[in-house]
>>> print(open('data_16.pdb').read())   # PDB, C-alpha atoms
MODEL        1
ATOM      1  CA  MET N   1     188.344  18.600 -41.641
ATOM      2  CA  SER N   2     191.644  20.065 -40.534
ATOM      3  CA  VAL N   3     194.523  17.918 -39.392
ATOM      4  CA  TYR N   4     196.611  18.257 -36.252
ATOM      5  CA  ALA N   5     199.953  18.178 -38.070
ATOM      6  CA  SER N   6     201.393  18.869 -41.519
ATOM      7  CA  ARG N   7     204.110  17.422 -43.703
ATOM      8  CA  VAL N   8     206.352  20.250 -42.454
ATOM      9  CA  ASP N   9     205.835  18.972 -38.888
ATOM     10  CA  MET N  10     206.758  15.459 -40.036
ATOM     11  CA  VAL N  11     209.955  16.737 -41.664
ATOM     12  CA  GLN N  12     210.880  18.771 -38.560
ATOM     13  CA  ARG N  13     210.475  15.687 -36.353
ATOM     14  CA  PHE N  14     211.800  12.906 -38.554
ATOM     15  CA  GLY N  15     213.817  14.593 -41.306
ATOM     16  CA  GLU N  16     213.276  15.106 -45.018
ATOM     17  CA  GLN N  17     215.010  11.869 -45.989
ATOM     18  CA  GLU N  18     212.837   9.606 -43.820
ATOM     19  CA  THR N  19     209.639  11.454 -44.760
ATOM     20  CA  ALA N  20     210.441  11.251 -48.479
ATOM     21  CA  SER N  21     211.300   7.544 -48.229
ATOM     22  CA  LEU N  22     207.951   6.855 -46.553
ATOM     23  CA  GLU N  23     206.227   8.752 -49.375
ATOM     24  CA  ASP N  24     207.888   6.473 -51.939
ATOM     25  CA  PRO N  25     206.843   2.944 -50.865
ATOM     26  CA  SER N  26     207.796   1.457 -54.252
ATOM     27  CA  ASN N  27     211.311   2.969 -54.090
ATOM     28  CA  ILE N  28     211.028   4.477 -57.560
ATOM     29  CA  GLY N  29     212.520   7.779 -56.458
ATOM     30  CA  VAL N  30     209.328   9.815 -56.755
ATOM     31  CA  PRO N  31     207.903  10.768 -53.350
ATOM     32  CA  ASP N  32     204.156  11.455 -53.221
ATOM     33  CA  ALA N  33     203.243  14.005 -50.523
ATOM     34  CA  ALA N  34     199.597  12.865 -50.785
ATOM     35  CA  ILE N  35     200.608   9.660 -48.989
ATOM     36  CA  THR N  36     201.738  11.674 -45.955
ATOM     37  CA  ALA N  37     198.655  13.892 -46.144
ATOM     38  CA  GLU N  38     196.429  10.804 -46.032
ATOM     39  CA  ALA N  39     198.375   9.331 -43.095
ATOM     40  CA  LEU N  40     198.074  12.636 -41.202
ATOM     41  CA  GLN N  41     194.319  12.715 -41.893
ATOM     42  CA  ASP N  42     193.952   9.127 -40.639
ATOM     43  CA  ALA N  43     196.053   9.946 -37.581
ATOM     44  CA  THR N  44     193.915  12.999 -36.803
ATOM     45  CA  GLU N  45     190.768  10.887 -36.993
ATOM     46  CA  GLU N  46     192.333   8.313 -34.657
ATOM     47  CA  LEU N  47     193.336  11.052 -32.207
ATOM     48  CA  ASN N  48     189.850  12.555 -32.352
ATOM     49  CA  SER N  49     188.380   9.254 -31.180
ATOM     50  CA  TYR N  50     190.192   9.884 -27.873
ATOM     51  CA  VAL N  51     190.066  13.699 -27.756
ATOM     52  CA  ALA N  52     186.296  13.844 -28.369
ATOM     53  CA  VAL N  53     185.651  12.007 -25.103
ATOM     54  CA  ARG N  54     186.797  15.105 -23.168
ATOM     55  CA  TYR N  55     186.780  18.001 -25.644
ATOM     56  CA  SER N  56     184.563  19.284 -28.424
ATOM     57  CA  VAL N  57     186.230  18.820 -31.780
ATOM     58  CA  PRO N  58     187.394  20.530 -33.847
ATOM     59  CA  LEU N  59     189.536  22.273 -31.282
ATOM     60  CA  PRO N  60     189.969  26.071 -31.584
ATOM     61  CA  GLN N  61     193.745  25.577 -31.746
ATOM     62  CA  VAL N  62     196.045  22.591 -31.790
ATOM     63  CA  PRO N  63     198.109  22.057 -28.622
ATOM     64  CA  ALA N  64     201.720  20.964 -29.202
ATOM     65  CA  PRO N  65     201.200  17.480 -27.693
ATOM     66  CA  LEU N  66     198.572  16.746 -30.359
ATOM     67  CA  VAL N  67     200.955  17.794 -33.142
ATOM     68  CA  ARG N  68     203.559  15.405 -31.741
ATOM     69  CA  ALA N  69     201.003  12.614 -31.285
ATOM     70  CA  CYS N  70     199.664  13.086 -34.801
ATOM     71  CA  CYS N  71     203.164  12.848 -36.271
ATOM     72  CA  ASP N  72     203.932   9.662 -34.304
ATOM     73  CA  VAL N  73     200.672   7.983 -35.349
ATOM     74  CA  ALA N  74     201.055   9.048 -38.991
ATOM     75  CA  ARG N  75     204.647   7.800 -39.050
ATOM     76  CA  PHE N  76     203.545   4.442 -37.649
ATOM     77  CA  ARG N  77     200.852   4.215 -40.344
ATOM     78  CA  LEU N  78     203.335   5.111 -43.082
ATOM     79  CA  TYR N  79     205.636   2.275 -42.021
ATOM     80  CA  LYS N  80     202.683  -0.113 -42.579
ATOM     81  CA  ASP N  81     203.827  -3.666 -41.782
ATOM     82  CA  ARG N  82     207.503  -2.850 -41.218
ATOM     83  CA  PRO N  83     207.799  -0.358 -38.335
ATOM     84  CA  THR N  84     211.079  -0.172 -36.495
ATOM     85  CA  GLU N  85     211.147  -0.740 -32.741
ATOM     86  CA  GLU N  86     211.417   3.018 -32.157
ATOM     87  CA  VAL N  87     208.427   3.789 -34.413
ATOM     88  CA  LYS N  88     206.341   1.090 -32.721
ATOM     89  CA  TYR N  89     207.403   2.264 -29.243
ATOM     90  CA  ARG N  90     206.496   5.886 -29.987
ATOM     91  CA  TYR N  91     203.104   4.824 -31.369
ATOM     92  CA  GLU N  92     202.331   2.656 -28.325
ATOM     93  CA  ARG N  93     203.428   5.443 -25.976
ATOM     94  CA  THR N  94     201.166   7.878 -27.850
ATOM     95  CA  VAL N  95     198.180   5.536 -27.579
ATOM     96  CA  LYS N  96     198.762   5.203 -23.826
ATOM     97  CA  TRP N  97     198.863   8.997 -23.523
ATOM     98  CA  LEU N  98     195.642   9.271 -25.544
ATOM     99  CA  GLU N  99     193.960   6.721 -23.269
ATOM    100  CA  GLN N 100     195.002   8.825 -20.272
ATOM    101  CA  LEU N 101     193.630  11.915 -22.029
ATOM    102  CA  ALA N 102     190.279  10.213 -22.630
ATOM    103  CA  LEU N 103     190.118   9.192 -18.962
ATOM    104  CA  GLY N 104     190.855  12.759 -17.846
ATOM    105  CA  LYS N 105     194.161  11.837 -16.185
ATOM    106  CA  VAL N 106     196.029  14.244 -18.481
ATOM    107  CA  LEU N 107     194.685  17.484 -19.912
ATOM    108  CA  LEU N 108     195.296  19.598 -22.974
ATOM    109  CA  THR N 109     196.589  23.110 -22.433
ATOM    110  CA  PHE N 110     196.127  25.849 -24.982
ATOM    111  CA  GLU N 111     198.583  28.620 -25.858
ATOM    112  CA  PRO N 112     197.487  31.332 -25.660
ATOM    113  CA  ALA N 113     195.127  30.349 -22.875
ATOM    114  CA  LEU N 114     191.472  30.194 -23.793
ATOM    115  CA  THR N 115     188.968  32.486 -22.127
ATOM    116  CA  PRO N 116     186.913  30.759 -19.398
ATOM    117  CA  GLU N 117     183.851  30.802 -21.671
ATOM    118  CA  LYS N 118     185.731  29.263 -24.611
ATOM    119  CA  LEU N 119     187.386  26.694 -22.337
ATOM    120  CA  ASP N 120     183.980  25.717 -20.962
ATOM    121  CA  GLU N 121     182.690  25.360 -24.523
ATOM    122  CA  VAL N 122     185.688  23.249 -25.616
ATOM    123  CA  SER N 123     185.596  21.065 -22.509
ATOM    124  CA  LYS N 124     182.161  19.681 -23.345
ATOM    125  CA  PRO N 125     182.714  16.333 -25.057
ATOM    126  CA  ILE N 126     180.787  15.238 -28.106
ATOM    127  CA  THR N 127     180.129  11.822 -26.640
ATOM    128  CA  PRO N 128     178.681  11.370 -23.177
ATOM    129  CA  VAL N 129     181.140  10.150 -20.576
ATOM    130  CA  SER N 130     178.426   8.055 -18.977
ATOM    131  CA  ALA N 131     174.719   7.599 -19.284
ATOM    132  CA  LYS N 132     172.108   5.636 -17.431
ATOM    133  CA  TYR N 133     169.059   4.118 -19.087
ATOM    134  CA  THR N 134     166.499   2.633 -16.727
ATOM    135  CA  GLY N 135     163.894   1.569 -19.274
ATOM    136  CA  GLY N 136     163.633  -1.928 -20.650
ATOM    137  CA  VAL N 137     164.144  -3.021 -24.209
ATOM    138  CA  PHE N 138     160.445  -3.819 -24.633
ATOM    139  CA  SER N 139     157.537  -2.056 -22.986
ATOM    140  CA  ASP N 140     154.984  -3.969 -20.937
ATOM    141  CA  ALA N 141     152.469  -3.408 -23.743
ATOM    142  CA  ALA N 142     154.817  -5.004 -26.305
ATOM    143  CA  LEU N 143     155.503  -7.952 -24.011
ATOM    144  CA  ALA N 144     151.763  -8.501 -23.467
ATOM    145  CA  LEU N 145     151.328  -9.044 -27.220
ATOM    146  CA  MET N 146     153.880 -11.876 -27.293
ATOM    147  CA  PRO N 147     152.655 -15.474 -27.041
ATOM    148  CA  ASP N 148     153.370 -17.411 -23.857
ATOM    149  CA  ILE N 149     155.860 -20.221 -24.177
ATOM    150  CA  GLN N 150     154.521 -23.378 -22.579
ATOM    151  CA  PRO N 151     156.362 -26.690 -22.117
ATOM    152  CA  GLY N 152     154.519 -28.125 -25.125
ATOM    153  CA  GLY N 153     155.256 -25.200 -27.455
ATOM    154  CA  LEU N 154     153.623 -21.841 -28.135
ATOM    155  CA  SER N 155     150.120 -21.234 -26.825
TER     156      SER N 155
ENDMDL
END
>>> encode(input="data_16.pdb", output="structure tokens")
Amino acid sequence: MSVYASRVDMVQRFGEQETASLEDPSNIGVPDAAITAEALQDATEELNSYVAVRYSVPLPQVPAPLVRACCDVARFRLYKDRPTEEVKYRYERTVKWLEQLALGKVLLTFEPALTPEKLDEVSKPITPVSAKYTGGVFSDAALALMPDIQPGGLS
């Protein structure tokens, strides 16, 4: 599965020093880029839980807002139990945006623009937005096989 952002995107947004310090949680001076890769993968999966409500994933291309959102979520995850106020704020703001995306109040735009056929294909969500089931849990035939409950116990 591809991710929406890379370590390079993290460095461009938050700087090499911050990214490297988050990759070295033990402060031994040896950053591990695999830590960031895992956080970006987790962030992508979290984003997909919102994106898939409105769009088929994987997307044919990654819109810039998803790169930004992925970086903010990954950064929040890398801070673990010690996020700064800014990191927490950016994460919460991203989640609110994702909720709006899932509700259809904001939309993703693609550059270059997708053809109408491709856009129609991408705009079909994996999960149904709503469904209606009118059947019961048990059929009448299954209910007929169950014993009647009488005031004195089962009959």
>>> residues_around(input="data_16.pdb", residues="Leu22 of chain N", least_positions_apart="6", cutoff="8 Å", atoms="only C-alpha atoms", output="PyMOL selection string")
chain N and resi 31+36+78-79
>>> closest_residue(input="data_16.pdb", among="N:Leu108, N:Cys71, N:Val57, N:Ala142", to="Val122 of chain N", atoms="only C-alpha atoms")
N:Val57
>>> resolve_selection(input="data_16.pdb", expression="the PyMOL selection byres ((chain N and resi 74) around 10)", output="list in words")
Ala5, Met10, Thr36, Ala37, Glu38, Ala39, Leu40, Gln41, Asp42, Ala43, Thr44, Glu46, Arg68, Ala69, Cys70, Cys71, Asp72, Val73, Arg75, Phe76, Arg77, Leu78, Tyr79, Lys80 and Tyr91 of chain N
>>> atom_distance(input="data_16.pdb", atom1="atom CA of Gln100 of chain N", atom2="atom CA of Glu45 of chain N")
17.4 Å
>>> atom_distance(input="data_16.pdb", atom1="atom CA of Ala64 of chain N", atom2="atom CA of Arg7 of chain N")
15.1 Å
>>> closest_residue(input="data_16.pdb", among="N:Val87, N:Val62, N:Asp81, N:Val95", to="Leu47 of chain N", atoms="all atoms listed in the file")
N:Val95
>>> closest_residue(input="data_16.pdb", among="N:Val11, N:Leu66, N:Ala52, N:Met146", to="Leu103 of chain N", atoms="all atoms listed in the file")
N:Ala52
>>> atom_distance(input="data_16.pdb", atom1="atom CA of Leu101 of chain N", atom2="atom CA of Ala113 of chain N")
18.5 Å
>>> closest_residue(input="data_16.pdb", among="N:Glu16, N:Glu23, N:Glu99, N:Glu121", to="Leu59 of chain N", atoms="all atoms listed in the file")
N:Glu121
